[in-house]
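Here's the structure, in structure tokens; my notes come after.
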Protein chains: 4
Amino acid sequence: MKRQIFFTIFGKILLGDIMGHEIDLKNTNVYTDLLVEQIESDLYNTNMVGNCKITTINVDSNLSMELNKQEGTYITIEFNDITDIDNREELGKILVDNIKLLLDNEGITEDKSCLLVGLGNANSTPDSLGPRTLDNILITRHLFILDKLKKGVRSISGFTPNVMANTGIETYDIIKGIISTTNPDFIIVIDSLKASSIDRVNRTIQLTNTGIKPGSGIGNYRLEISKNTLNIPVIAIGVPTVLDATTIASNTITYLFKHISYIKDNSSINKLIVGRSNYLNKIKDRDLSKEEKEDFFGIVGTLTENDKYNLIKEVLNGIDYDLIVTPKDIDFVIDKLGEVIGFAINNALSEEINNY
Amino acid sequence: MKRQIFFTIFGKILLGDIMGHEIDLKNTNVYTDLLVEQIESDLYNTNMVGNCKITTINVDSNLSMELNKQEGTYITIEFNDITDIDNREELGKILVDNIKLLLDNEGITEDKSCLLVGLGNANSTPDSLGPRTLDNILITRHLFILDKLKKGVRSISGFTPNVMANTGIETYDIIKGIISTTNPDFIIVIDSLKASSIDRVNRTIQLTNTGIKPGSGIGNYRLEISKNTLNIPVIAIGVPTVLDATTIASNTITYLFKHISYIKDNSSINKLIVGRSNYLNKIKDRDLSKEEKEDFFGIVGTLTENDKYNLIKEVLNGIDYDLIVTPKDIDFVIDKLGEVIGFAINNALSEEINNY
Amino acid sequence: MKRQIFFTIFGKILLGDIMGHEIDLKNTNVYTDLLVEQIESDLYNTNMVGNCKITTINVDSNLSMELNKQEGTYITIEFNDITDIDNREELGKILVDNIKLLLDNEGITEDKSCLLVGLGNANSTPDSLGPRTLDNILITRHLFILDKLKKGVRSISGFTPNVMANTGIETYDIIKGIISTTNPDFIIVIDSLKASSIDRVNRTIQLTNTGIKPGSGIGNYRLEISKNTLNIPVIAIGVPTVLDATTIASNTITYLFKHISYIKDNSSINKLIVGRSNYLNKIKDRDLSKEEKEDFFGIVGTLTENDKYNLIKEVLNGIDYDLIVTPKDIDFVIDKLGEVIGFAINNALSEEINNY
Amino acid sequence: MKRQIFFTIFGKILLGDIMGHEIDLKNTNVYTDLLVEQIESDLYNTNMVGNCKITTINVDSNLSMELNKQEGTYITIEFNDITDIDNREELGKILVDNIKLLLDNEGITEDKSCLLVGLGNANSTPDSLGPRTLDNILITRHLFILDKLKKGVRSISGFTPNVMANTGIETYDIIKGIISTTNPDFIIVIDSLKASSIDRVNRTIQLTNTGIKPGSGIGNYRLEISKNTLNIPVIAIGVPTVLDATTIASNTITYLFKHISYIKDNSSINKLIVGRSNYLNKIKDRDLSKEEKEDFFGIVGTLTENDKYNLIKEVLNGIDYDLIVTPKDIDFVIDKLGEVIGFAINNALSEEINNY
């Protein structure tokens, strides 16, 4: 009987087709800016460098259609707590190598001029990674104009387009306009991204030669900044600094399964000694059986990740809560991420420069 | 059978006593800084002024013990979108009146000197309400020292203690120390609070003469700033600007019930015309029957609000995600809240001043 | 004999022609962004509105060549201490009227879209007037794109190009580029200016329809932002917030003459009761005779303002000190100026908006 | 005859005694926060480390009375353009050594807890060195409270008292109060200083164990922060970032003498090739004869540095211009100074930490 109710109700909400309730299929995937969150892990190789996990994925035309992602190279670096200086230095060196790798792949020689674009809102801490990174970039283009060129230093300009809510202008239009008057050979954009999993927040950097959709990190769909739209190579560097409320709610239910499954088999566990990654590792591969899920979560427990995500999204959108989830120490973390990424870009772009 | 499993597991998590698993009972209530979220609505009167809903609650010794809240007066003002200038002006006038009311209740005459304390972290947007408000305060104490006193202007000093993560010092110790050298007659503290309901975020101001626990808004338990600890009156002004991740997950499940209950009876509804408060009002009094809840959410559907909250909290704490949830346009909202509250304080403290 | 030495030396420095020492004649005038500082007061009319002195000068082709200033209308508003709220409100109303006046002169109707440009460096307080003003501007263009147009509100976009030292890009190129992609009907630029007299600093606003040379306020000559270069009307709003070191030294010598001249005739004066504008008014029309000047200042005392300025400039440039002079309370002043100008622009651009 | 006028006038202004015109003798010395600017160079030894010039002066009781400076050790480090990364690293290492030296002299062992105080106004760029430095300090005190002590890391707390104009509270009272509740073993204060010579601005760091008078850098006389007033060691680190208008005018006249003296003997000089330090070095030891000075500058040319300074000061104070002079690129310079000093303090305070 509850099945029947289920289909009556959820059919309309999730399956839609039954009662002609339309859902945009593009939106029925859990949203993420990170390719590694969209793709099965057996489809790519991962190697460790120190404590960092590096995944390089080449998206060909087939994969591109399947995932609705741009063709190109995606390098994902997963790292540990950035507030530790040793982790920062390790990450910095890895970033330099991988930025250079992407530059080489694009055939960008060291005489090519670069425009750096720091996307996001400098006044909203979780969205300020781009501007904060620009603060650490060595700008040189005006020295060329003034003919103060140093050998081994390329022409580098940079700016922060701010967000449409503050400027009234599409980020794409600002970038397109500045390119038209300054003619850089290639672009590097830095932005805050949105993750579909709590674990990723401030723990992952994605580098790609496929560009970016500005503001997607905080859910505003914008015209993409890419070679397709701008006709020059666009390297995008992004860090997931936020989740949306739907993700946090959906994730929580998923972790509930893992947690209960673990507790069930470890009734004597003393939670007071449960450490961070410690416990996360303990439970991350746990799960409940379909039957247990239904026991604990009823019909909701039987939904797929996507259906569960969309059900929650529909609720929260229906009552229109436009929320972002961000770590408490975000100001410090963004500060350090901006330093690491900024320094790495400086080093990758100019042989002569070494910030470390 | 599932009941049995249920108690085996949830007994340990929520009830604890069965398998000797300790839970601090103080924490088993859904956390909120807002009194109105703790108390049954039939226990207090509410009156509307324009579009604002004002609730004044006097907590006596009995209520104090029952709610684990300080004895004193709590004035809660619920308002509409602060980004609208008319709403701001209406709210401003109401704030002036109610701040004056609390000053009168405390017997604070206009010759008494005031120390304003802006709690929170100026560099973390959701936690920057205190510092932002201080930016709008008219400081006069040094003019008295320089003997430039204007009539009708009292001695007002102010500072922002920043947060312990940045100073290494308990906020209480900073305030206590500055009081010992500057001897103000009373204190007004402004802080970001944490709400236990999505609806409250940036929509409610709580004024009280009972002081505040700094940092509670972002979950750090600190020594309270109050007349009990400082021996001078402490007026606290707070706005919930954040939720914790536990609340958002817990709220979402609650709204799921309402949503499903509504959809069930309105299968022909066209979601495309569902407006914001519109839909929220439609569903806010809906609920599912106990049996339906269990159908859709299994055992979890049968938990009380507190048990559900604690289950989710235990999961998220177990994996140690220290997250805050905040609206996307938080930088603009905080900016405007800081203006409204700052101007209101100026006007309430000094007859001669009128910022409006 | 000293005359001879004088010409030998100063001839080379100031007159140049004698020993073939080249000086760019354009630079031999005391630098100022303010037209009223370049022109004889009998050439224009001034009227008082409340405590503000308003001067409107129409520069025709003849005057234009004579002064090396763009043809057009220059409105100069001289006001009192902006940190006083009554002065701010008075100034605000006058600004609204005069901005509207310039819009009418340019035939800009209320359906025309506006791009606001806040010039300067947000991170350098004395140069942050432009960005600070933008913080107070109501941006609407994106609402038009999203089709949320309110009647009586025009399309307004805005951005801050930052300074070349931070971006590596000419301000002109950024503006030109953004115009090419967003096609505004007209532009309003706000910038910090440089004054040639101490009295002007933070006490004068110049409005003009002739555009501006960005960065001139801090001495960097840049391609002008004007109707000539951009083919759309450009309203420029500027406030002198800085002086160069040359001006302060040169001004000081001038005031020394006035001071000594005054003291000489008032030997019994008790300096302890000398008040601010008080004393300035007392001495502002005083001067020493040519013979007295030479007694006290020798040859330097006999130089014209321009020669004196250039002599000092040559010294300070020779030793390459790139200094700006700014009031101590500049952060507070800039904050308030940004508010007054921002609010005035909002009101002038949109009938429906009233910030006051 | 002019002598007679001279004494009539200048007697009153400068010598005072003649016509009973009072001048506070403490003010008749050219103001400087830098000891090296007060003392004859033959009274101390200087040694070069790389490109930095280090002067260590021990002020005994006699020298103390003579100079009206606290007894103690003053270490002055003169360095080159801080915007160059190599200069920064060299300076950083020197700072670490000399901070440690002062700690040793004070008998401060590595178990002693430190309170760092960043003086100045974070919102006024030239006065923001203290707060900017604090941004780079590793705060540890709260970790001790939470018992997360790492070996080799001492207890470090820090805060920024802001300025009296913003708080209404004497900086001394804020520090005194926080000491009373947190009981640090010693203090390190960082502040912007005022120099009496253009050459010093952003080119000199003074370290001393004698404390500081906060705000002196921008001319506000405040109760000193020192071992005398606080009963614990106070290490003060200061950089002259500003000059007052009086100094710039007075300096300019001095440089005029040097400039003219040089030009006089080098009539064929091509100024277009005059480089920065280049020209400064050429002229720095030049001067005019007393007779020449009087020819070019009349009576003013014959005044001592102090008399000249006080004459100009009297003029500018009389007309009440409260101005500071600061380099144009001050935001970038302060940023880098804050980094170098902050990192150096971290390294000097904790063996285990190495930011370089």
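The way I read the labels, and the way they are meant: chains A, B, ... in the order of the structure tokens, residue 1 as the first residue of every chain, and ligand 1 as the first ligand shown, with later ones counted on from there.
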For this session: Considering only C-alpha atoms, return as a PyMOL selection string whatever protein or nucleic-acid residues lie within 10 Å of Ala344 in chain D, sequence-local ones (same chain, fewer than 4 positions apart) excluded.
Result: chain D and resi 89+91-100+136-137+338-340+348-349+353-356
The selected residues should be written to file as a compact mmCIF listing (two decimals), in the first residue's frame (atoms: N, CA and C atoms).
```
# COMPACT_ATOMS: atom_id res chain seq x y z
N GLU D 89 64.07 38.75 2.04
CA GLU D 89 64.60 37.57 2.72
C GLU D 89 65.82 37.93 3.56
N LEU D 91 66.49 40.85 4.88
CA LEU D 91 66.01 41.60 6.04
C LEU D 91 65.38 40.65 7.06
N GLY D 92 64.60 39.68 6.56
CA GLY D 92 63.92 38.74 7.45
C GLY D 92 64.91 38.04 8.37
N LYS D 93 66.00 37.53 7.79
CA LYS D 93 66.99 36.79 8.60
C LYS D 93 67.62 37.71 9.64
N ILE D 94 67.93 38.93 9.23
CA ILE D 94 68.54 39.89 10.16
C ILE D 94 67.57 40.20 11.31
N LEU D 95 66.31 40.34 10.97
CA LEU D 95 65.31 40.63 12.00
C LEU D 95 65.23 39.50 13.02
N VAL D 96 65.19 38.27 12.53
CA VAL D 96 65.12 37.12 13.44
C VAL D 96 66.26 37.20 14.45
N ASP D 97 67.49 37.40 13.94
CA ASP D 97 68.65 37.44 14.84
C ASP D 97 68.53 38.55 15.87
N ASN D 98 68.10 39.72 15.44
CA ASN D 98 68.09 40.86 16.36
C ASN D 98 66.91 40.81 17.34
N ILE D 99 65.79 40.22 16.91
CA ILE D 99 64.69 40.04 17.87
C ILE D 99 65.15 39.07 18.96
N LYS D 100 65.81 37.97 18.52
CA LYS D 100 66.33 37.00 19.51
C LYS D 100 67.31 37.68 20.46
N ASN D 136 49.99 38.01 10.10
CA ASN D 136 50.99 36.98 9.75
C ASN D 136 51.56 36.26 10.97
N ILE D 137 51.01 36.52 12.13
CA ILE D 137 51.53 35.92 13.36
C ILE D 137 50.82 34.59 13.65
N GLY D 338 54.61 43.90 6.58
CA GLY D 338 53.85 43.09 7.52
C GLY D 338 54.24 41.63 7.45
N GLU D 339 54.50 41.17 6.23
CA GLU D 339 54.93 39.78 6.04
C GLU D 339 56.30 39.54 6.65
N VAL D 340 57.25 40.37 6.26
CA VAL D 340 58.63 40.17 6.73
C VAL D 340 58.69 40.20 8.25
N ALA D 348 61.53 33.94 15.39
CA ALA D 348 62.31 34.31 16.58
C ALA D 348 61.66 33.74 17.85
N LEU D 349 60.34 33.65 17.84
CA LEU D 349 59.64 33.20 19.05
C LEU D 349 59.59 31.69 19.19
N ILE D 353 59.49 26.81 14.24
CA ILE D 353 58.82 27.41 13.10
C ILE D 353 59.82 28.03 12.15
N ASN D 354 59.65 27.77 10.87
CA ASN D 354 60.49 28.42 9.88
C ASN D 354 59.63 28.77 8.67
N ASN D 355 59.33 30.05 8.54
CA ASN D 355 58.45 30.47 7.44
C ASN D 355 59.20 30.59 6.13
N TYR D 356 60.53 30.55 6.20
CA TYR D 356 61.27 30.83 4.96
C TYR D 356 61.57 29.57 4.18
```
Exercise. Got a sec to tell me which of range 59-244 of chain C DSSP assigns to strand (DSSP E), as a VMD selection string?
Worked result: chain C and resid 59 72 to 78 114 to 118 156 to 159 186 to 194 204 to 208 234 to 244
For this session: Looking only at alpha helix (DSSP H) from DSSP on the backbone, list the matching residues of range 105-261 of chain B as JSON, numbers by chain.
Result: {"B": [105, 129, 130, 131, 132, 133, 134, 141, 142, 143, 144, 145, 164, 165, 166, 167, 171, 172, 173, 174, 175, 176, 177, 178, 179, 180, 181, 182, 227, 228, 229, 230, 245, 246, 247, 248, 249, 250, 251, 252, 253, 254, 255, 256, 257, 258, 259, 260, 261]}
For this session: Show me which bits of chain A are within 6 Å of chain C, counting only C-alpha atoms, as a ChimeraX atom specification.
Result: /A:139,141-142,157-159,167-168,173-174,177-178,181
Selection above as a file: C-alpha atoms, as a PDB file, in the first residue's frame:
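Now in again.pdb:
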```
ATOM      1  CA  ILE A 139      51.811  41.446 -12.279  1.00  0.00           C
ATOM      2  CA  ARG A 141      52.485  43.596 -18.071  1.00  0.00           C
ATOM      3  CA  HIS A 142      52.794  47.297 -17.198  1.00  0.00           C
ATOM      4  CA  SER A 157      48.122  41.000 -16.266  1.00  0.00           C
ATOM      5  CA  GLY A 158      45.291  40.245 -13.890  1.00  0.00           C
ATOM      6  CA  PHE A 159      41.965  41.481 -12.608  1.00  0.00           C
ATOM      7  CA  THR A 167      28.510  44.850 -11.175  1.00  0.00           C
ATOM      8  CA  GLY A 168      25.324  44.117 -13.097  1.00  0.00           C
ATOM      9  CA  ASP A 173      31.332  40.169 -20.920  1.00  0.00           C
ATOM     10  CA  ILE A 174      33.968  41.725 -18.661  1.00  0.00           C
ATOM     11  CA  GLY A 177      35.935  43.026 -23.277  1.00  0.00           C
ATOM     12  CA  ILE A 178      39.310  43.138 -21.580  1.00  0.00           C
ATOM     13  CA  THR A 181      41.690  45.539 -25.710  1.00  0.00           C
TER      14      THR A 181
END
```
For this session: Considering only C-alpha atoms, return as a count of residues only whatever protein or nucleic-acid residues lie within 12 Å of Leu316 in chain B, sequence-local ones (same chain, fewer than 5 positions apart) excluded.
Result: 28
Exercise. What does the distance between CA of Asn347 in chain C and CA of Thr32 in chain C come to in Å, to one decimal place?
Worked result: 29.4 Å
Problem set entry | Residue contacts of range 284-295 of chain C (8 Å, only C-alpha atoms) excluding same-chain residues fewer than 2 positions away, as a ChimeraX atom specification | /C:257-262,280-282,297-302 /D:2,297-299
Save out the residues we just selected, C-alpha atoms, as an mmCIF file, in the first residue's frame.
```cif
data_model
loop_
_atom_site.group_PDB
_atom_site.id
_atom_site.type_symbol
_atom_site.label_atom_id
_atom_site.label_comp_id
_atom_site.auth_asym_id
_atom_site.auth_seq_id
_atom_site.Cartn_x
_atom_site.Cartn_y
_atom_site.Cartn_z
ATOM 1 C CA PHE C 257 54.637 84.964 4.077
ATOM 2 C CA LYS C 258 51.054 85.368 5.255
ATOM 3 C CA HIS C 259 51.893 84.194 8.764
ATOM 4 C CA ILE C 260 54.866 86.509 9.209
ATOM 5 C CA SER C 261 52.973 89.406 7.698
ATOM 6 C CA TYR C 262 50.185 88.841 10.220
ATOM 7 C CA LEU C 280 43.316 80.763 8.270
ATOM 8 C CA ASN C 281 40.764 83.469 7.539
ATOM 9 C CA LYS C 282 42.815 86.014 9.443
ATOM 10 C CA PHE C 297 63.462 84.199 1.815
ATOM 11 C CA GLY C 298 66.144 85.745 -0.326
ATOM 12 C CA ILE C 299 65.946 84.864 -3.995
ATOM 13 C CA VAL C 300 63.434 82.087 -3.386
ATOM 14 C CA GLY C 301 61.157 84.723 -1.910
ATOM 15 C CA THR C 302 61.177 86.560 -5.215
ATOM 16 C CA LYS D 2 65.980 93.247 8.508
ATOM 17 C CA PHE D 297 66.757 81.931 1.373
ATOM 18 C CA GLY D 298 67.288 85.158 3.263
ATOM 19 C CA ILE D 299 66.742 84.941 6.999
#
```
For this session: Just the residues within 9 Å of Phe332 in chain B, please, counting only C-alpha atoms, with nothing from its chain fewer than 5 positions along; format it as a VMD selection string.
Result: (chain A and resid 123 to 124) or (chain B and resid 83 337)
Print the selection's residues with C-alpha atoms to a file, as a tab-separated table (two decimals), in the first residue's frame.
```tsv
chain	number	residue	atom	x	y	z
A	123	ASN	CA	33.53	40.51	0.18
A	124	SER	CA	32.02	37.06	0.71
B	83	THR	CA	17.81	44.38	1.60
B	337	LEU	CA	22.14	44.69	9.16
```
For this session: Within 12 Å of Phe186 in chain B, counting only C-alpha atoms, which residues show up once you throw out same-chain ones fewer than 4 positions away? Write them as a VMD selection string, please.
Result: chain B and resid 102 to 103 106 to 117 154 to 158 175 179 182 209 211 225 to 227 230 to 236 349
What does the file look like for those residues with N, CA and C atoms, as a tab-separated table (two decimals), in the first residue's frame?
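As written to disk, selection11.tsv reads:
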```tsv
chain	number	residue	atom	x	y	z
B	102	LEU	N	14.81	48.48	26.91
B	102	LEU	CA	15.72	47.68	27.74
B	102	LEU	C	16.59	48.57	28.61
B	103	LEU	N	17.04	49.71	28.05
B	103	LEU	CA	17.84	50.64	28.86
B	103	LEU	C	17.03	51.13	30.05
B	106	GLU	N	16.62	48.58	32.75
B	106	GLU	CA	17.85	48.43	33.54
B	106	GLU	C	18.15	49.69	34.34
B	107	GLY	N	17.28	50.70	34.22
B	107	GLY	CA	17.51	51.95	34.95
B	107	GLY	C	18.74	52.70	34.46
B	108	ILE	N	19.03	52.56	33.18
B	108	ILE	CA	20.20	53.22	32.61
B	108	ILE	C	19.81	54.60	32.10
B	109	THR	N	20.25	55.65	32.82
B	109	THR	CA	19.91	57.02	32.44
B	109	THR	C	20.90	57.51	31.38
B	110	GLU	N	20.57	58.68	30.78
B	110	GLU	CA	21.36	59.10	29.61
B	110	GLU	C	22.74	59.64	29.96
B	111	ASP	N	23.03	59.72	31.25
B	111	ASP	CA	24.39	60.16	31.63
B	111	ASP	C	25.33	58.97	31.81
B	112	LYS	N	24.80	57.76	31.67
B	112	LYS	CA	25.62	56.56	31.89
B	112	LYS	C	26.49	56.27	30.66
B	113	SER	N	27.74	55.88	30.93
B	113	SER	CA	28.67	55.62	29.82
B	113	SER	C	28.49	54.19	29.31
B	114	CYS	N	28.67	54.03	28.00
B	114	CYS	CA	28.42	52.74	27.36
B	114	CYS	C	29.67	52.22	26.65
B	115	LEU	N	29.91	50.92	26.82
B	115	LEU	CA	30.96	50.26	26.04
B	115	LEU	C	30.28	49.32	25.06
B	116	LEU	N	30.52	49.54	23.75
B	116	LEU	CA	29.95	48.66	22.73
B	116	LEU	C	30.96	47.62	22.33
B	117	VAL	N	30.53	46.37	22.24
B	117	VAL	CA	31.43	45.28	21.89
B	117	VAL	C	30.88	44.56	20.66
B	154	ARG	N	26.09	60.86	25.17
B	154	ARG	CA	26.74	60.19	26.31
B	154	ARG	C	28.12	59.69	25.90
B	155	SER	N	28.89	59.25	26.88
B	155	SER	CA	30.22	58.70	26.61
B	155	SER	C	30.08	57.29	26.04
B	156	ILE	N	30.54	57.10	24.81
B	156	ILE	CA	30.43	55.81	24.15
B	156	ILE	C	31.80	55.37	23.65
B	157	SER	N	32.22	54.21	24.11
B	157	SER	CA	33.46	53.61	23.58
B	157	SER	C	33.07	52.30	22.90
B	158	GLY	N	33.98	51.74	22.12
B	158	GLY	CA	33.63	50.50	21.44
B	158	GLY	C	34.87	49.80	20.91
B	175	ILE	N	37.13	41.53	27.25
B	175	ILE	CA	36.11	42.47	27.72
B	175	ILE	C	36.34	42.81	29.20
B	179	ILE	N	37.04	46.55	30.65
B	179	ILE	CA	36.15	47.14	31.65
B	179	ILE	C	36.95	47.60	32.86
B	182	THR	N	38.55	50.92	31.90
B	182	THR	CA	37.76	52.04	31.36
B	182	THR	C	36.46	52.28	32.12
B	209	ASN	N	18.46	41.57	28.01
B	209	ASN	CA	19.29	42.14	29.08
B	209	ASN	C	20.04	41.04	29.83
B	211	GLY	N	22.62	39.20	28.49
B	211	GLY	CA	23.97	38.95	28.01
B	211	GLY	C	24.02	37.88	26.94
B	225	ILE	N	29.09	36.61	28.64
B	225	ILE	CA	29.25	38.05	28.88
B	225	ILE	C	27.92	38.51	29.44
B	226	SER	N	27.84	38.72	30.74
B	226	SER	CA	26.56	39.09	31.35
B	226	SER	C	26.77	39.85	32.65
B	227	LYS	N	25.68	40.38	33.16
B	227	LYS	CA	25.73	41.10	34.44
B	227	LYS	C	26.27	40.18	35.53
B	230	LEU	N	30.08	40.19	34.90
B	230	LEU	CA	30.78	41.47	34.77
B	230	LEU	C	30.29	42.54	35.75
B	231	ASN	N	29.16	42.26	36.44
B	231	ASN	CA	28.66	43.17	37.46
B	231	ASN	C	28.17	44.52	36.92
B	232	ILE	N	27.98	44.65	35.63
B	232	ILE	CA	27.29	45.82	35.07
B	232	ILE	C	26.28	45.30	34.06
B	233	PRO	N	25.23	46.08	33.81
B	233	PRO	CA	24.22	45.62	32.85
B	233	PRO	C	24.83	45.31	31.49
B	234	VAL	N	24.36	44.25	30.88
B	234	VAL	CA	24.80	43.85	29.54
B	234	VAL	C	23.58	43.67	28.65
B	235	ILE	N	23.43	44.57	27.67
B	235	ILE	CA	22.38	44.42	26.67
B	235	ILE	C	22.98	43.66	25.50
B	236	ALA	N	22.32	42.58	25.07
B	236	ALA	CA	22.84	41.80	23.95
B	236	ALA	C	21.90	41.94	22.75
B	349	LEU	N	20.98	55.69	22.04
B	349	LEU	CA	21.91	56.11	23.09
B	349	LEU	C	21.98	57.63	23.25
```
Problem set entry | Between CA of Asn306 in chain B and CA of Ile330 in chain A, distance in Å (one decimal) |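 That distance, rounded to one decimal, is 28.5 Å.
CA of Leu193 in chain B sits 5.8 Å away from CA of Gly238 in chain B.
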